[in-house]
Amino acid sequence: MSQSIVLFGPPGAGKGTQAEAIVAATGKPQVSTGDMLRAALAAGTRLGIEAKKYMEAGELVPDNVIVGLIEERMTQSDAMDGVLFDGFPRTIPQAEALAEIAEVSLVISIEVPDDAIVERIVGRRMDPDTGDIYHITFKPAPSEIAGRLIQRKDDNEEAVRTRLSAYHNQTSPLAKWYSQKGVLATVNGNQAMSDVAAEIAEVITS
Ligand code: AMP
């Protein structure tokens with residue numbers, strides 16, 4: 001079975017940002033269930049419409065929907081040597097389903113305290129043309145593209161609080177689950193992005 005990496009952490013930990021460098025370093029394609037769901041929503045598919053209410057409220061989309069998406073994605077040829085999962089798995093049943101499909105050789109957990117998360121997420125903006133992520137204070141966009149930036153619908157304080165409680169109740173138990181399997185590595189996500197990237201690079205090469 002192929003060797004995949006899981007990028008794990010609360011919403012706003014910087015998973016999407018850090019994924020770029022990991023993709024460049026490992027050659028593994030990024031598989032983000034959040035991006036896949038947003039694409040389904042934008043395309044108006046049945047799956048996207050079904051997922052919409054959960055996403056906008058900040059709740060998790062049901063496991064069977066997510067596992068179905070991943071099963072299909074993993075049949076594509078670029079996934080054969082393993083992928084970088086971003087935002088998946090988020091529950092123990094998802095991790096159990098994943099274990100049947102791919103071998104997870106490394107789980108990188110980016111740790112950020114809750115109080116830092118809300119500030120990060122509420123100021124987060126996205127370039128709809130490139131998918132690049134900015135922050136109104138921590139990473140302002142160049143002025144020529146600033147006008148087209150959008151804010152995710154679930155990047156408001158109320159949805160963030162719901163997403164954080166979903167993380168603590170349903171997702172964080174996975175850290176122990178993967179730790180018991182001997183594949184968990186933790187990095188400090190509460191520092192400059194370049195320092196987080198350096199810690200991740202060390203974990204990947206060790
Ligand atoms: P993200 O972009 O990873 O923050 O995901 C945005 C939203 O999509 C989440 O708040 C959930 O509603 C949904 N979602 C993404 N990935 C998953 C997953 N693995 N399991 C359940 N829901 C998910």
# chains A, B, ... in the order shown; residues from 1 in each chain; ligands from 1

$ residues_near_ligand --ligand "ligand 1" --cutoff "6 Å" --atoms "only C-alpha atoms and all ligand atoms" --output "number ranges by chain"
A: 11, 33-35, 54-55, 58-61, 66, 87-90, 163

$ closest_atom_pairs --of "stretch 16-53 of chain A" --to "stretch 123-135 of chain A" --cutoff "12 Å" --atoms "only C-alpha atoms" --output "tab-separated table"
residue	atom	partner	partner_atom	distance
A:Gly16	CA	A:Ile133	CA	8.2
A:Thr17	CA	A:Ile133	CA	7.1
A:Gln18	CA	A:Ile133	CA	10.9
A:Ala19	CA	A:Asp132	CA	11.7
A:Glu20	CA	A:Asp132	CA	10.1
A:Asp35	CA	A:Gly131	CA	9.4
A:Arg38	CA	A:Gly131	CA	11.4
A:Ala39	CA	A:Gly131	CA	11.4
A:Ala42	CA	A:Pro128	CA	11.5

$ write_last_selection --atoms "all heavy atoms" --output "mmCIF file, in the first residue's frame"
data_model
loop_
_atom_site.group_PDB
_atom_site.id
_atom_site.type_symbol
_atom_site.label_atom_id
_atom_site.label_comp_id
_atom_site.auth_asym_id
_atom_site.auth_seq_id
_atom_site.Cartn_x
_atom_site.Cartn_y
_atom_site.Cartn_z
ATOM 1 N N GLY A 16 -3.455 24.349 5.457
ATOM 2 C CA GLY A 16 -3.453 24.643 4.018
ATOM 3 C C GLY A 16 -2.178 25.342 3.591
ATOM 4 O O GLY A 16 -1.594 25.033 2.539
ATOM 5 N N THR A 17 -1.732 26.295 4.405
ATOM 6 C CA THR A 17 -0.515 27.051 4.089
ATOM 7 C C THR A 17 0.697 26.126 4.106
ATOM 8 O O THR A 17 1.533 26.149 3.192
ATOM 9 C CB THR A 17 -0.323 28.182 5.128
ATOM 10 O OG1 THR A 17 -1.476 29.014 5.086
ATOM 11 C CG2 THR A 17 0.910 29.006 4.839
ATOM 12 N N GLN A 18 0.800 25.305 5.139
ATOM 13 C CA GLN A 18 1.965 24.432 5.267
ATOM 14 C C GLN A 18 1.946 23.305 4.232
ATOM 15 O O GLN A 18 2.994 22.771 3.859
ATOM 16 C CB GLN A 18 2.042 23.844 6.685
ATOM 17 C CG GLN A 18 2.229 24.895 7.784
ATOM 18 C CD GLN A 18 3.536 25.672 7.666
ATOM 19 O OE1 GLN A 18 4.504 25.193 7.072
ATOM 20 N NE2 GLN A 18 3.570 26.880 8.203
ATOM 21 N N ALA A 19 0.754 22.959 3.770
ATOM 22 C CA ALA A 19 0.636 21.853 2.807
ATOM 23 C C ALA A 19 1.456 22.122 1.548
ATOM 24 O O ALA A 19 2.067 21.204 0.996
ATOM 25 C CB ALA A 19 -0.834 21.634 2.437
ATOM 26 N N GLU A 20 1.489 23.378 1.115
ATOM 27 C CA GLU A 20 2.203 23.701 -0.127
ATOM 28 C C GLU A 20 3.646 23.233 -0.094
ATOM 29 O O GLU A 20 4.147 22.622 -1.040
ATOM 30 C CB GLU A 20 2.203 25.221 -0.339
ATOM 31 C CG GLU A 20 0.930 25.741 -0.933
ATOM 32 C CD GLU A 20 0.934 27.263 -1.015
ATOM 33 O OE1 GLU A 20 1.968 27.840 -1.386
ATOM 34 O OE2 GLU A 20 -0.099 27.851 -0.657
ATOM 35 N N ASP A 35 -11.493 21.535 0.662
ATOM 36 C CA ASP A 35 -11.437 22.070 -0.713
ATOM 37 C C ASP A 35 -12.368 21.277 -1.636
ATOM 38 O O ASP A 35 -13.040 21.851 -2.500
ATOM 39 C CB ASP A 35 -10.006 22.002 -1.265
ATOM 40 C CG ASP A 35 -9.085 23.056 -0.653
ATOM 41 O OD1 ASP A 35 -9.585 23.960 0.047
ATOM 42 O OD2 ASP A 35 -7.858 22.969 -0.872
ATOM 43 N N ARG A 38 -15.901 22.336 -0.931
ATOM 44 C CA ARG A 38 -16.183 23.690 -1.460
ATOM 45 C C ARG A 38 -16.313 23.651 -2.983
ATOM 46 O O ARG A 38 -17.147 24.348 -3.564
ATOM 47 C CB ARG A 38 -15.104 24.677 -1.010
ATOM 48 C CG ARG A 38 -15.309 25.177 0.420
ATOM 49 C CD ARG A 38 -14.299 26.237 0.820
ATOM 50 N NE ARG A 38 -12.977 25.686 1.009
ATOM 51 C CZ ARG A 38 -12.558 25.077 2.130
ATOM 52 N NH1 ARG A 38 -13.355 24.968 3.162
ATOM 53 N NH2 ARG A 38 -11.340 24.577 2.211
ATOM 54 N N ALA A 39 -15.514 22.797 -3.649
ATOM 55 C CA ALA A 39 -15.615 22.673 -5.117
ATOM 56 C C ALA A 39 -16.964 22.059 -5.482
ATOM 57 O O ALA A 39 -17.612 22.495 -6.444
ATOM 58 C CB ALA A 39 -14.455 21.820 -5.644
ATOM 59 N N ALA A 42 -19.573 24.735 -5.076
ATOM 60 C CA ALA A 42 -19.512 25.741 -6.151
ATOM 61 C C ALA A 42 -20.083 25.166 -7.446
ATOM 62 O O ALA A 42 -20.704 25.881 -8.240
ATOM 63 C CB ALA A 42 -18.068 26.192 -6.360
#

$ select_by_dssp --residues "chain A" --states "helix (DSSP H, G or I)" --output "PyMOL selection string"
chain A and resi 15-26+33-43+46-57+63-73+77-79+92-101+114-122+143-146+157-171+173-180+193-205

$ residues_around --residues "A:Pro29" --least-positions-apart "2" --cutoff "8 Å" --atoms "only C-alpha atoms" --output "PyMOL selection string"
chain A and resi 23+27+31+78-79+82-84

$ atom_distance --atom1 "atom CA of A:Val104" --atom2 "atom CA of A:Val65"
20.7 Å

$ closest_residue --among "A:Leu174, A:Leu47, A:Arg120, A:Ala192" --to "A:Pro62" --atoms "only C-alpha atoms"
A:Leu47

$ residues_around --residues "A:Val196" --least-positions-apart "4" --cutoff "9 Å" --atoms "only C-alpha atoms" --output "list in words"
Gly14, Gln18, Ile110, Val187, Asn188, Gly189, Asn190, Gln191, Ala192, Ile200 and Ala201 of chain A

$ select_by_dssp --residues "chain A" --states "strand (DSSP E or B)" --output "MDAnalysis selection string"
chainID A and resid 3:8 30:32 84:86 103:111 124:126 133:135 139 150 184:188

$ write_last_selection --atoms "N, CA, C and O atoms" --output "compact mmCIF listing (two decimals), in the first residue's frame"
# COMPACT_ATOMS: atom_id res chain seq x y z
N GLN A 3 2.25 5.09 0.85
CA GLN A 3 2.53 5.76 2.12
C GLN A 3 1.99 7.19 2.09
O GLN A 3 2.49 8.01 1.32
N SER A 4 1.01 7.45 2.92
CA SER A 4 0.42 8.79 2.93
C SER A 4 0.78 9.53 4.20
O SER A 4 1.16 8.93 5.21
N ILE A 5 0.65 10.86 4.14
CA ILE A 5 0.91 11.73 5.28
C ILE A 5 -0.41 12.41 5.64
O ILE A 5 -1.20 12.76 4.75
N VAL A 6 -0.66 12.58 6.92
CA VAL A 6 -1.84 13.32 7.38
C VAL A 6 -1.38 14.61 8.05
O VAL A 6 -0.50 14.59 8.90
N LEU A 7 -1.97 15.71 7.62
CA LEU A 7 -1.73 17.00 8.26
C LEU A 7 -2.92 17.26 9.18
O LEU A 7 -4.06 17.32 8.72
N PHE A 8 -2.61 17.36 10.47
CA PHE A 8 -3.65 17.31 11.50
C PHE A 8 -3.58 18.57 12.36
O PHE A 8 -2.49 19.06 12.65
N GLN A 30 -1.85 17.11 -2.60
CA GLN A 30 -2.65 17.49 -1.42
C GLN A 30 -4.09 17.03 -1.64
O GLN A 30 -4.67 17.29 -2.70
N VAL A 31 -4.65 16.38 -0.66
CA VAL A 31 -6.06 15.98 -0.72
C VAL A 31 -6.76 16.63 0.47
O VAL A 31 -6.63 16.19 1.60
N SER A 32 -7.45 17.73 0.18
CA SER A 32 -8.14 18.48 1.22
C SER A 32 -9.64 18.24 1.08
O SER A 32 -10.24 18.63 0.07
N LEU A 84 -1.02 13.66 0.53
CA LEU A 84 -0.98 14.45 1.75
C LEU A 84 -2.43 14.80 2.10
O LEU A 84 -3.07 15.60 1.40
N PHE A 85 -2.96 14.18 3.15
CA PHE A 85 -4.32 14.50 3.56
C PHE A 85 -4.32 15.77 4.41
O PHE A 85 -3.50 15.91 5.33
N ASP A 86 -5.23 16.67 4.09
CA ASP A 86 -5.34 17.95 4.80
C ASP A 86 -6.81 18.08 5.25
O ASP A 86 -7.70 18.16 4.41
N GLU A 103 -1.94 3.46 3.61
CA GLU A 103 -1.08 3.35 4.79
C GLU A 103 -0.63 4.75 5.20
O GLU A 103 -0.09 5.49 4.38
N VAL A 104 -0.89 5.09 6.46
CA VAL A 104 -0.47 6.41 6.96
C VAL A 104 0.86 6.23 7.67
O VAL A 104 0.95 5.58 8.70
N SER A 105 1.92 6.81 7.08
CA SER A 105 3.25 6.62 7.67
C SER A 105 3.63 7.75 8.60
O SER A 105 4.55 7.62 9.40
N LEU A 106 2.94 8.89 8.48
CA LEU A 106 3.28 10.05 9.31
C LEU A 106 2.05 10.93 9.50
O LEU A 106 1.34 11.22 8.53
N VAL A 107 1.82 11.35 10.74
CA VAL A 107 0.75 12.32 11.03
C VAL A 107 1.42 13.52 11.67
O VAL A 107 2.05 13.41 12.73
N ILE A 108 1.32 14.67 11.01
CA ILE A 108 1.94 15.88 11.53
C ILE A 108 0.85 16.72 12.20
O ILE A 108 -0.07 17.21 11.53
N SER A 109 0.94 16.84 13.51
CA SER A 109 -0.07 17.59 14.26
C SER A 109 0.45 19.00 14.52
O SER A 109 1.49 19.19 15.17
N ILE A 110 -0.26 20.01 13.99
CA ILE A 110 0.13 21.41 14.20
C ILE A 110 -0.69 21.94 15.37
O ILE A 110 -1.91 22.05 15.27
N GLU A 111 -0.02 22.24 16.47
CA GLU A 111 -0.73 22.62 17.70
C GLU A 111 -0.79 24.13 17.86
O GLU A 111 0.23 24.82 17.80
N ARG A 124 -8.97 35.84 8.20
CA ARG A 124 -8.48 35.09 7.03
C ARG A 124 -9.23 35.49 5.77
O ARG A 124 -10.44 35.66 5.77
N ARG A 125 -8.51 35.63 4.67
CA ARG A 125 -9.12 35.94 3.38
C ARG A 125 -8.51 35.04 2.32
O ARG A 125 -7.37 34.60 2.46
N MET A 126 -9.28 34.79 1.24
CA MET A 126 -8.77 33.90 0.19
C MET A 126 -8.86 34.57 -1.17
O MET A 126 -9.81 35.29 -1.45
N ILE A 133 -4.03 31.93 0.48
CA ILE A 133 -4.62 32.38 1.74
C ILE A 133 -3.84 33.57 2.29
O ILE A 133 -2.61 33.55 2.33
N TYR A 134 -4.59 34.59 2.73
CA TYR A 134 -3.98 35.78 3.35
C TYR A 134 -4.63 36.05 4.70
O TYR A 134 -5.59 35.39 5.08
N HIS A 135 -4.08 37.02 5.43
CA HIS A 135 -4.68 37.44 6.70
C HIS A 135 -4.61 38.95 6.77
O HIS A 135 -3.55 39.53 6.45
N LYS A 139 -0.79 38.54 7.23
CA LYS A 139 -0.26 38.30 5.89
C LYS A 139 -1.10 39.07 4.87
O LYS A 139 -1.89 38.48 4.13
N ILE A 150 -11.86 37.14 -0.93
CA ILE A 150 -13.16 36.80 -0.33
C ILE A 150 -12.93 36.17 1.05
O ILE A 150 -11.84 35.70 1.37
N LEU A 184 2.67 9.64 15.14
CA LEU A 184 2.33 11.05 15.38
C LEU A 184 3.57 11.90 15.67
O LEU A 184 4.40 11.53 16.51
N ALA A 185 3.69 13.04 14.98
CA ALA A 185 4.74 14.02 15.29
C ALA A 185 4.06 15.35 15.54
O ALA A 185 3.18 15.76 14.76
N THR A 186 4.41 16.05 16.62
CA THR A 186 3.75 17.33 16.88
C THR A 186 4.71 18.49 16.60
O THR A 186 5.91 18.39 16.85
N VAL A 187 4.15 19.56 16.06
CA VAL A 187 4.94 20.78 15.84
C VAL A 187 4.18 21.95 16.47
O VAL A 187 2.95 21.93 16.59
N ASN A 188 4.93 22.97 16.86
CA ASN A 188 4.34 24.16 17.46
C ASN A 188 3.84 25.08 16.35
O ASN A 188 4.63 25.67 15.62

$ closest_residue --among "A:Glu56, A:Glu96, A:Glu119, A:Asp154" --to "A:Thr137" --atoms "only C-alpha atoms"
A:Glu119

$ closest_residue --among "A:Ala13, A:Ala146, A:Ile70, A:Met36" --to "A:Met193" --atoms "only C-alpha atoms"
A:Ala13

$ closest_residue --among "A:Ala21, A:Ala141, A:His168, A:Gly9" --to "A:Ala198" --atoms "only C-alpha atoms"
A:Ala21

$ residues_around --residues "A:Asn156" --least-positions-apart "2" --cutoff "9 Å" --atoms "only C-alpha atoms" --output "ChimeraX atom specification"
/A:118,121-123,151-154,158-161

$ atom_distance --atom1 "atom CA of A:Lys53" --atom2 "atom CA of A:Gly68"
18.3 Å
